[in-house]
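Listing of entry.txt, compact mmCIF, C-alpha atoms
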# COMPACT_ATOMS: atom_id res chain seq x y z
CA MET T 27 0.00 0.00 0.00
CA VAL T 28 1.41 3.37 -0.98
CA PHE T 29 0.48 6.29 1.25
CA SER T 30 0.84 9.71 -0.36
CA ASP T 31 2.10 12.68 1.65
CA ALA T 32 -1.48 13.91 1.85
CA ASN T 33 -2.64 10.49 3.13
CA ARG T 34 0.08 10.52 5.80
CA GLN T 35 -0.92 13.97 7.00
CA GLU T 36 -4.55 12.91 7.30
CA ILE T 37 -3.71 9.67 9.12
CA HIS T 38 -1.35 11.36 11.59
CA HIS T 39 -3.89 14.13 12.20
CA VAL T 40 -6.67 11.64 12.97
CA ALA T 41 -4.37 9.58 15.21
CA GLU T 42 -3.53 12.74 17.15
CA LEU T 43 -7.23 13.58 17.53
CA ILE T 44 -8.24 10.15 18.77
CA LYS T 45 -5.30 9.08 20.91
CA SER T 46 -6.90 10.39 24.12
CA LYS T 47 -10.32 8.96 23.27
CA THR T 48 -9.55 5.36 22.37
CA ALA T 49 -11.83 3.99 25.12
CA VAL T 50 -14.93 5.92 24.02
CA LEU T 51 -14.34 5.43 20.31
CA GLY T 52 -13.25 1.81 20.67
CA ALA T 53 -16.27 0.85 22.76
CA ASP T 54 -18.64 2.64 20.36
CA ALA T 55 -17.12 0.98 17.29
CA LEU T 56 -17.11 -2.48 18.85
CA ALA T 57 -20.70 -2.16 20.09
CA ARG T 58 -21.77 -1.14 16.60
CA LEU T 59 -19.95 -4.14 15.11
CA PHE T 60 -21.71 -6.51 17.51
CA GLU T 61 -25.10 -4.93 16.82
CA ILE T 62 -24.89 -4.73 13.04
CA HIS T 63 -22.95 -7.97 12.45
CA PRO T 64 -24.09 -10.27 15.28
CA GLN T 65 -21.93 -13.12 13.99
CA THR T 66 -18.91 -11.19 15.31
CA LYS T 67 -20.08 -11.88 18.85
CA THR T 68 -19.16 -15.54 18.32
CA TYR T 69 -15.54 -14.59 18.95
CA PHE T 70 -16.42 -13.15 22.35
CA THR T 71 -18.58 -15.74 24.05
CA THR T 72 -17.04 -14.91 27.44
CA PHE T 73 -18.41 -11.36 27.33
CA THR T 74 -21.24 -10.62 29.76
CA GLY T 75 -22.73 -8.07 27.35
CA TYR T 76 -22.11 -6.36 24.02
CA GLU T 77 -23.09 -2.73 24.57
CA ALA T 78 -20.68 0.20 24.64
CA THR T 79 -21.12 0.50 28.42
CA ASN T 80 -19.94 -3.05 29.12
CA PRO T 81 -16.45 -3.07 30.75
CA GLN T 82 -15.24 -5.94 28.57
CA VAL T 83 -16.37 -4.12 25.41
CA ILE T 84 -14.63 -0.96 26.62
CA ALA T 85 -11.42 -2.86 27.41
CA HIS T 86 -11.30 -4.61 24.07
CA GLY T 87 -12.32 -1.54 22.10
CA THR T 88 -9.56 0.44 23.81
CA LYS T 89 -7.01 -2.23 22.89
CA VAL T 90 -8.04 -2.13 19.24
CA PHE T 91 -8.02 1.66 18.93
CA ASP T 92 -4.73 1.99 20.85
CA ALA T 93 -3.25 -0.43 18.30
CA VAL T 94 -4.64 1.62 15.40
CA VAL T 95 -3.13 4.82 16.85
CA LYS T 96 0.21 3.08 17.32
CA ALA T 97 0.13 1.69 13.77
CA ALA T 98 -0.27 5.25 12.46
CA GLY T 99 3.33 5.83 13.56
CA HIS T 100 4.55 2.93 11.43
CA LEU T 101 3.14 3.63 7.98
CA ASP T 102 6.42 2.59 6.34
CA ASP T 103 6.83 -0.69 8.17
CA LEU T 104 3.29 -1.84 8.91
CA SER T 105 4.12 -5.42 7.97
CA HIS T 106 6.95 -5.62 10.48
CA HIS T 107 5.07 -3.60 13.12
CA LEU T 108 1.95 -5.80 12.92
CA ASP T 109 3.83 -9.11 12.61
CA LYS T 110 3.03 -10.30 16.13
CA LEU T 111 -0.64 -9.32 15.91
CA ALA T 112 -0.88 -10.96 12.48
CA LYS T 113 0.52 -14.21 13.87
CA LYS T 114 -1.86 -14.02 16.83
CA HIS T 115 -4.94 -13.54 14.63
CA GLY T 116 -3.80 -16.07 12.07
CA THR T 117 -2.77 -18.95 14.28
CA GLU T 118 -4.40 -18.46 17.65
CA LEU T 119 -7.55 -16.33 17.41
CA LEU T 120 -8.49 -17.53 13.92
CA VAL T 121 -10.87 -14.62 13.30
CA ASP T 122 -12.33 -14.88 9.79
CA PRO T 123 -10.47 -12.12 7.91
CA HIS T 124 -13.74 -10.90 6.37
CA ASN T 125 -14.50 -9.42 9.80
CA PHE T 126 -11.59 -6.98 9.49
CA GLU T 127 -13.34 -5.42 6.48
CA LEU T 128 -16.65 -5.25 8.30
CA PHE T 129 -14.97 -3.65 11.30
CA SER T 130 -13.05 -1.17 9.12
CA ASP T 131 -16.30 0.17 7.65
CA ILE T 132 -17.74 0.51 11.13
CA ILE T 133 -14.61 2.29 12.40
CA VAL T 134 -14.95 4.76 9.52
CA VAL T 135 -18.56 5.54 10.50
CA THR T 136 -17.55 5.86 14.18
CA LEU T 137 -14.84 8.36 13.25
CA ALA T 138 -17.31 10.29 11.07
CA ILE T 139 -19.59 10.60 14.10
CA HIS T 140 -16.96 11.68 16.61
CA LEU T 141 -14.48 13.77 14.65
CA PRO T 142 -15.23 17.45 14.00
CA THR T 143 -14.86 16.91 10.25
CA PHE T 144 -14.47 13.85 8.02
CA THR T 145 -13.90 15.02 4.46
CA PRO T 146 -13.71 12.61 1.52
CA ALA T 147 -9.92 13.15 1.55
CA THR T 148 -9.64 12.17 5.23
CA HIS T 149 -12.01 9.27 4.64
CA THR T 150 -9.91 8.01 1.73
CA ALA T 151 -6.67 8.11 3.76
CA ILE T 152 -8.25 6.34 6.73
CA ASP T 153 -9.90 3.75 4.48
CA LYS T 154 -6.52 2.97 2.86
CA PHE T 155 -4.87 2.78 6.28
CA LEU T 156 -7.48 0.41 7.72
CA GLU T 157 -7.39 -1.68 4.55
CA GLU T 158 -3.65 -2.13 4.94
CA ILE T 159 -4.01 -3.05 8.62
CA ALA T 160 -6.67 -5.61 7.68
CA HIS T 161 -4.42 -6.95 4.93
CA GLN T 162 -1.51 -7.37 7.36
CA LEU T 163 -3.70 -8.99 10.02
CA SER T 164 -4.93 -11.47 7.41
CA SER T 165 -1.47 -12.36 6.14
CA LYS T 166 -0.42 -15.21 8.45
CA TYR T 167 -3.38 -17.57 8.19
CA ARG T 168 -2.10 -19.95 5.55
CA MET K 23 -32.71 -11.97 2.57
CA VAL K 24 -32.60 -8.83 4.72
CA ASN K 25 -35.31 -8.76 7.36
CA ILE K 26 -36.22 -5.16 8.16
CA THR K 27 -38.23 -5.08 11.37
CA LYS K 28 -41.22 -2.80 11.93
CA LYS K 29 -39.15 -0.65 14.26
CA GLU K 30 -36.34 -0.36 11.73
CA ALA K 31 -38.85 0.58 9.04
CA GLN K 32 -40.07 3.40 11.28
CA ILE K 33 -36.50 4.57 11.91
CA ILE K 34 -35.74 4.55 8.17
CA THR K 35 -38.91 6.47 7.33
CA ASP K 36 -38.18 9.07 10.02
CA ILE K 37 -34.59 9.65 8.92
CA TRP K 38 -35.58 9.90 5.26
CA LYS K 39 -38.45 12.30 6.02
CA HIS K 40 -36.16 14.91 7.56
CA LEU K 41 -33.28 14.51 5.14
CA ASP K 42 -32.16 16.86 2.36
CA LYS K 43 -32.48 13.93 -0.02
CA GLN K 44 -30.90 15.43 -3.11
CA GLY K 45 -28.12 17.12 -1.13
CA THR K 46 -27.15 14.12 0.95
CA THR K 47 -27.25 11.80 -2.07
CA ALA K 48 -25.00 14.14 -4.04
CA LEU K 49 -22.52 14.25 -1.14
CA ALA K 50 -22.62 10.46 -0.85
CA LEU K 51 -21.88 10.18 -4.58
CA GLU K 52 -18.94 12.61 -4.35
CA ARG K 53 -17.66 10.54 -1.43
CA VAL K 54 -18.02 7.20 -3.23
CA PHE K 55 -16.25 8.59 -6.32
CA THR K 56 -13.40 9.92 -4.13
CA VAL K 57 -12.91 7.09 -1.65
CA TYR K 58 -13.50 4.27 -4.17
CA PRO K 59 -12.31 5.76 -7.47
CA TRP K 60 -13.12 2.62 -9.46
CA THR K 61 -16.79 3.57 -9.04
CA THR K 62 -16.19 6.33 -11.60
CA ARG K 63 -15.60 3.70 -14.29
CA LEU K 64 -18.86 4.23 -16.17
CA PHE K 65 -19.11 7.98 -15.55
CA GLY K 66 -16.69 9.13 -18.25
CA SER K 67 -19.30 11.65 -19.38
CA PHE K 68 -18.78 13.58 -16.13
CA ASN K 69 -15.35 14.57 -17.46
CA LYS K 70 -13.72 14.02 -14.09
CA HIS K 71 -16.19 16.43 -12.45
CA PHE K 72 -17.15 14.45 -9.38
CA LYS K 73 -17.88 17.14 -6.79
CA ALA K 74 -21.39 17.13 -5.29
CA SER K 75 -22.17 20.60 -6.63
CA GLU K 76 -21.41 19.72 -10.23
CA SER K 77 -24.19 19.11 -12.72
CA GLY K 78 -23.39 15.48 -13.57
CA VAL K 79 -23.37 14.45 -9.93
CA GLN K 80 -26.48 16.52 -9.16
CA GLY K 81 -28.29 14.89 -12.07
CA HIS K 82 -27.40 11.39 -10.97
CA ALA K 83 -28.21 12.25 -7.35
CA ALA K 84 -31.71 13.30 -8.39
CA LYS K 85 -32.28 9.91 -10.02
CA VAL K 86 -30.83 7.96 -7.10
CA ALA K 87 -32.75 10.00 -4.50
CA GLY K 88 -35.96 9.41 -6.41
CA ALA K 89 -35.40 5.66 -6.41
CA LEU K 90 -34.48 5.65 -2.72
CA ASP K 91 -37.65 7.61 -1.97
CA LYS K 92 -39.70 4.93 -3.68
CA ALA K 93 -37.78 2.30 -1.72
CA VAL K 94 -38.44 3.95 1.64
CA HIS K 95 -42.17 3.95 0.86
CA ASN K 96 -42.16 0.32 -0.30
CA LEU K 97 -39.76 -1.38 2.08
CA HIS K 98 -41.39 -4.78 1.79
CA ASP K 99 -41.60 -4.81 -1.99
CA LEU K 100 -38.06 -3.79 -2.97
CA ASP K 101 -37.50 -6.48 -5.60
CA ASN K 102 -40.49 -5.09 -7.47
CA VAL K 103 -39.49 -1.46 -6.95
CA PHE K 104 -36.03 -2.14 -8.42
CA HIS K 105 -36.91 -4.76 -11.03
CA GLN K 106 -36.39 -2.57 -14.08
CA LEU K 107 -33.58 -0.56 -12.51
CA SER K 108 -31.75 -3.79 -11.78
CA GLU K 109 -32.01 -4.88 -15.42
CA LYS K 110 -30.93 -1.42 -16.52
CA HIS K 111 -27.83 -1.40 -14.30
CA GLN K 112 -26.77 -4.79 -15.66
CA THR K 113 -27.22 -3.57 -19.23
CA ILE K 114 -25.09 -0.53 -18.42
CA GLY K 115 -22.52 -2.90 -16.89
CA VAL K 116 -22.44 -1.79 -13.26
CA ASP K 117 -20.61 -4.05 -10.78
CA THR K 118 -23.15 -4.79 -8.03
CA GLN K 119 -20.50 -4.19 -5.37
CA ASN K 120 -20.84 -0.49 -6.20
CA PHE K 121 -24.30 -0.45 -4.64
CA LYS K 122 -22.81 -1.55 -1.31
CA LEU K 123 -20.06 1.06 -1.56
CA LEU K 124 -22.62 3.83 -2.10
CA GLY K 125 -24.56 2.47 0.88
CA GLN K 126 -21.43 2.84 3.03
CA THR K 127 -20.72 6.41 1.91
CA PHE K 128 -24.38 7.34 2.39
CA ILE K 129 -24.15 6.08 5.98
CA VAL K 130 -20.98 8.14 6.49
CA GLU K 131 -22.89 11.23 5.31
CA LEU K 132 -25.64 10.36 7.80
CA ALA K 133 -22.98 9.98 10.52
CA ILE K 134 -21.62 13.47 9.79
CA LEU K 135 -25.14 14.89 9.78
CA LEU K 136 -26.64 13.08 12.76
CA LYS K 137 -23.51 12.56 14.90
CA GLY K 138 -24.63 10.85 18.15
CA ARG K 139 -28.18 10.52 16.84
CA LEU K 140 -26.83 7.80 14.57
CA THR K 141 -27.04 5.35 17.46
CA PRO K 142 -26.08 1.70 16.91
CA GLU K 143 -29.80 0.99 16.42
CA VAL K 144 -30.25 3.70 13.78
CA HIS K 145 -26.93 2.73 12.16
CA GLU K 146 -28.15 -0.85 11.92
CA ALA K 147 -31.47 0.21 10.37
CA ALA K 148 -29.64 2.28 7.75
CA TYR K 149 -27.17 -0.53 7.07
CA LYS K 150 -29.98 -3.04 6.54
CA PHE K 151 -31.87 -0.59 4.31
CA PHE K 152 -28.91 -0.09 1.97
CA LEU K 153 -28.12 -3.80 2.03
CA ALA K 154 -31.71 -4.56 1.00
CA VAL K 155 -31.61 -1.91 -1.75
CA ALA K 156 -28.27 -3.29 -3.02
CA GLY K 157 -29.77 -6.77 -3.04
CA ALA K 158 -32.84 -5.67 -4.97
CA LEU K 159 -30.69 -3.77 -7.50
CA SER K 160 -28.61 -6.93 -7.98
CA ALA K 161 -31.57 -9.31 -8.12
CA GLN K 162 -32.13 -9.32 -11.89
CA TYR K 163 -28.50 -9.81 -12.87
CA HIS K 164 -27.86 -13.02 -14.76

Structure rendered as structure tokens:
Amino acid sequence: MVFSDANRQEIHHVAELIKSKTAVLGADALARLFEIHPQTKTYFTTFTGYEATNPQVIAHGTKVFDAVVKAAGHLDDLSHHLDKLAKKHGTELLVDPHNFELFSDIIVVTLAIHLPTFTPATHTAIDKFLEEIAHQLSSKYR
Amino acid sequence: MVNITKKEAQIITDIWKHLDKQGTTALALERVFTVYPWTTRLFGSFNKHFKASESGVQGHAAKVAGALDKAVHNLHDLDNVFHQLSEKHQTIGVDTQNFKLLGQTFIVELAILLKGRLTPEVHEAAYKFFLAVAGALSAQYH
């Protein structure tokens, strides 16, 4: 994936905006994923609930969004940076990679809700970024 | 088969009632053309003018908004509503995936407009609506 200078600016700007809100955004995004794509709950059977107020949803959502913020600082070595997470998803968690696409679309909508602006240019950069993360997370399954 | 509940139907009708239909559709089209540039494939006649305010986009938005209006008022008869339009889109050569992409960018426009009022429940209703419309538009392809 090639990120243009404009893409990089957008991605870094969004990461800066969300880095102090990963709990709120992460919980919101995850709750939306569980609501709109109920099959995703099958990976979280130990959860006591699937709403944004549930502590387990908040904890996991925070983890995911913290990882996204961190990845924004590694646009030139995403493959290396995400290697461990890719191995974890591909050999241990065995999440169907299709779910990364579903979640990416939901993350985009969550950002559109919470950020002050979300222009087509910002949207494009974020969509590319999430697509690359999904691609890397899917890379160690077989 | 997408099952839109009575409550979701009410949510969809309410959202649509208060929407600037032409305006939001035009913005969603600009967004789909920007974020997913391959969707411009069959719009050569727009001469690379893909901004919402431009006449090509406005013209297409009027058509799309009209069809969506009919859909909102006939939620349980979508295959019928879109029968001819489905045949037409196949004749033109439109990849059915495009319908889903426009659904996503339309939801992003709703997210920007409604912010927190696009609750997970409302988000789900919108998602199912556009999924059902995409399905109906794809239904006559052979």

Show me, as a ChimeraX atom specification, the residues that have an atom within 12 Å of K:Asn120 when counting all atoms listed in the file, minus same-chain residues fewer than 2 positions from it. /K:51,54-55,57-64,111-112,115-118,122-127,152-153,155-157,159-160

With C-alpha atoms retained, could you export that selection as an mmCIF file, keeping the file's coordinate frame?
data_model
loop_
_atom_site.group_PDB
_atom_site.id
_atom_site.type_symbol
_atom_site.label_atom_id
_atom_site.label_comp_id
_atom_site.auth_asym_id
_atom_site.auth_seq_id
_atom_site.Cartn_x
_atom_site.Cartn_y
_atom_site.Cartn_z
ATOM 1 C CA LEU K 51 -21.880 10.180 -4.580
ATOM 2 C CA VAL K 54 -18.020 7.200 -3.230
ATOM 3 C CA PHE K 55 -16.250 8.590 -6.320
ATOM 4 C CA VAL K 57 -12.910 7.090 -1.650
ATOM 5 C CA TYR K 58 -13.500 4.270 -4.170
ATOM 6 C CA PRO K 59 -12.310 5.760 -7.470
ATOM 7 C CA TRP K 60 -13.120 2.620 -9.460
ATOM 8 C CA THR K 61 -16.790 3.570 -9.040
ATOM 9 C CA THR K 62 -16.190 6.330 -11.600
ATOM 10 C CA ARG K 63 -15.600 3.700 -14.290
ATOM 11 C CA LEU K 64 -18.860 4.230 -16.170
ATOM 12 C CA HIS K 111 -27.830 -1.400 -14.300
ATOM 13 C CA GLN K 112 -26.770 -4.790 -15.660
ATOM 14 C CA GLY K 115 -22.520 -2.900 -16.890
ATOM 15 C CA VAL K 116 -22.440 -1.790 -13.260
ATOM 16 C CA ASP K 117 -20.610 -4.050 -10.780
ATOM 17 C CA THR K 118 -23.150 -4.790 -8.030
ATOM 18 C CA LYS K 122 -22.810 -1.550 -1.310
ATOM 19 C CA LEU K 123 -20.060 1.060 -1.560
ATOM 20 C CA LEU K 124 -22.620 3.830 -2.100
ATOM 21 C CA GLY K 125 -24.560 2.470 0.880
ATOM 22 C CA GLN K 126 -21.430 2.840 3.030
ATOM 23 C CA THR K 127 -20.720 6.410 1.910
ATOM 24 C CA PHE K 152 -28.910 -0.090 1.970
ATOM 25 C CA LEU K 153 -28.120 -3.800 2.030
ATOM 26 C CA VAL K 155 -31.610 -1.910 -1.750
ATOM 27 C CA ALA K 156 -28.270 -3.290 -3.020
ATOM 28 C CA GLY K 157 -29.770 -6.770 -3.040
ATOM 29 C CA LEU K 159 -30.690 -3.770 -7.500
ATOM 30 C CA SER K 160 -28.610 -6.930 -7.980
#

Skipping near chain neighbours, those fewer than 4 positions away, what residues fall within 12 Å of stretch 31-48 of chain T using all atoms listed in the file, listed as a ChimeraX atom specification? /T:27,52-56,84-102,133-134,136-138,140-156 /K:57

Based on only C-alpha atoms, which of the residues in chain K come within 12 Å of chain T? I want them as a ChimeraX atom specification. /K:49-59,72-74,122-123,125-151,153

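Atom CA of T:Leu108 is found 25.4 Å from atom CA of T:Thr71.
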
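Here atom CA of T:Ser130 stands at a distance of 28.2 Å from atom CA of K:Tyr163.
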
For stretch 165-168 of chain T, I'd like the enclosing box, axis-aligned and padded by 3 Å on every side, reported as AutoDock Vina command-line options with centre and edge lengths in Å to one decimal.
--center_x -1.9 --center_y -16.2 --center_z 7.0 --size_x 9.0 --size_y 13.6 --size_z 8.9

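Closest approach to K:His98 among K:Ile114, K:Ala154, K:His164, K:Ser75: K:Ala154, based on only C-alpha atoms.
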
The distance between atom CA of K:Asn69 and atom CA of K:Val86 is 19.8 Å

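For the residues K:Lys28, K:Phe68, K:Ala158, K:Asp36, ranking by smallest atom-to-atom distance to K:Asp99 using all atoms listed in the file places K:Ala158 first.
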
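Remark: for T:Glu118, the closest of the candidate residues T:Tyr167, T:Phe29, T:Glu158, T:Lys67 is T:Tyr167 (distances computed over all atoms listed in the file).
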
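Of the residues listed (T:Ala160, T:Glu127, T:Arg168, T:Asp122), T:Asp122 shows the shortest atom-to-atom separation from T:Gln65; distances use all atoms listed in the file.
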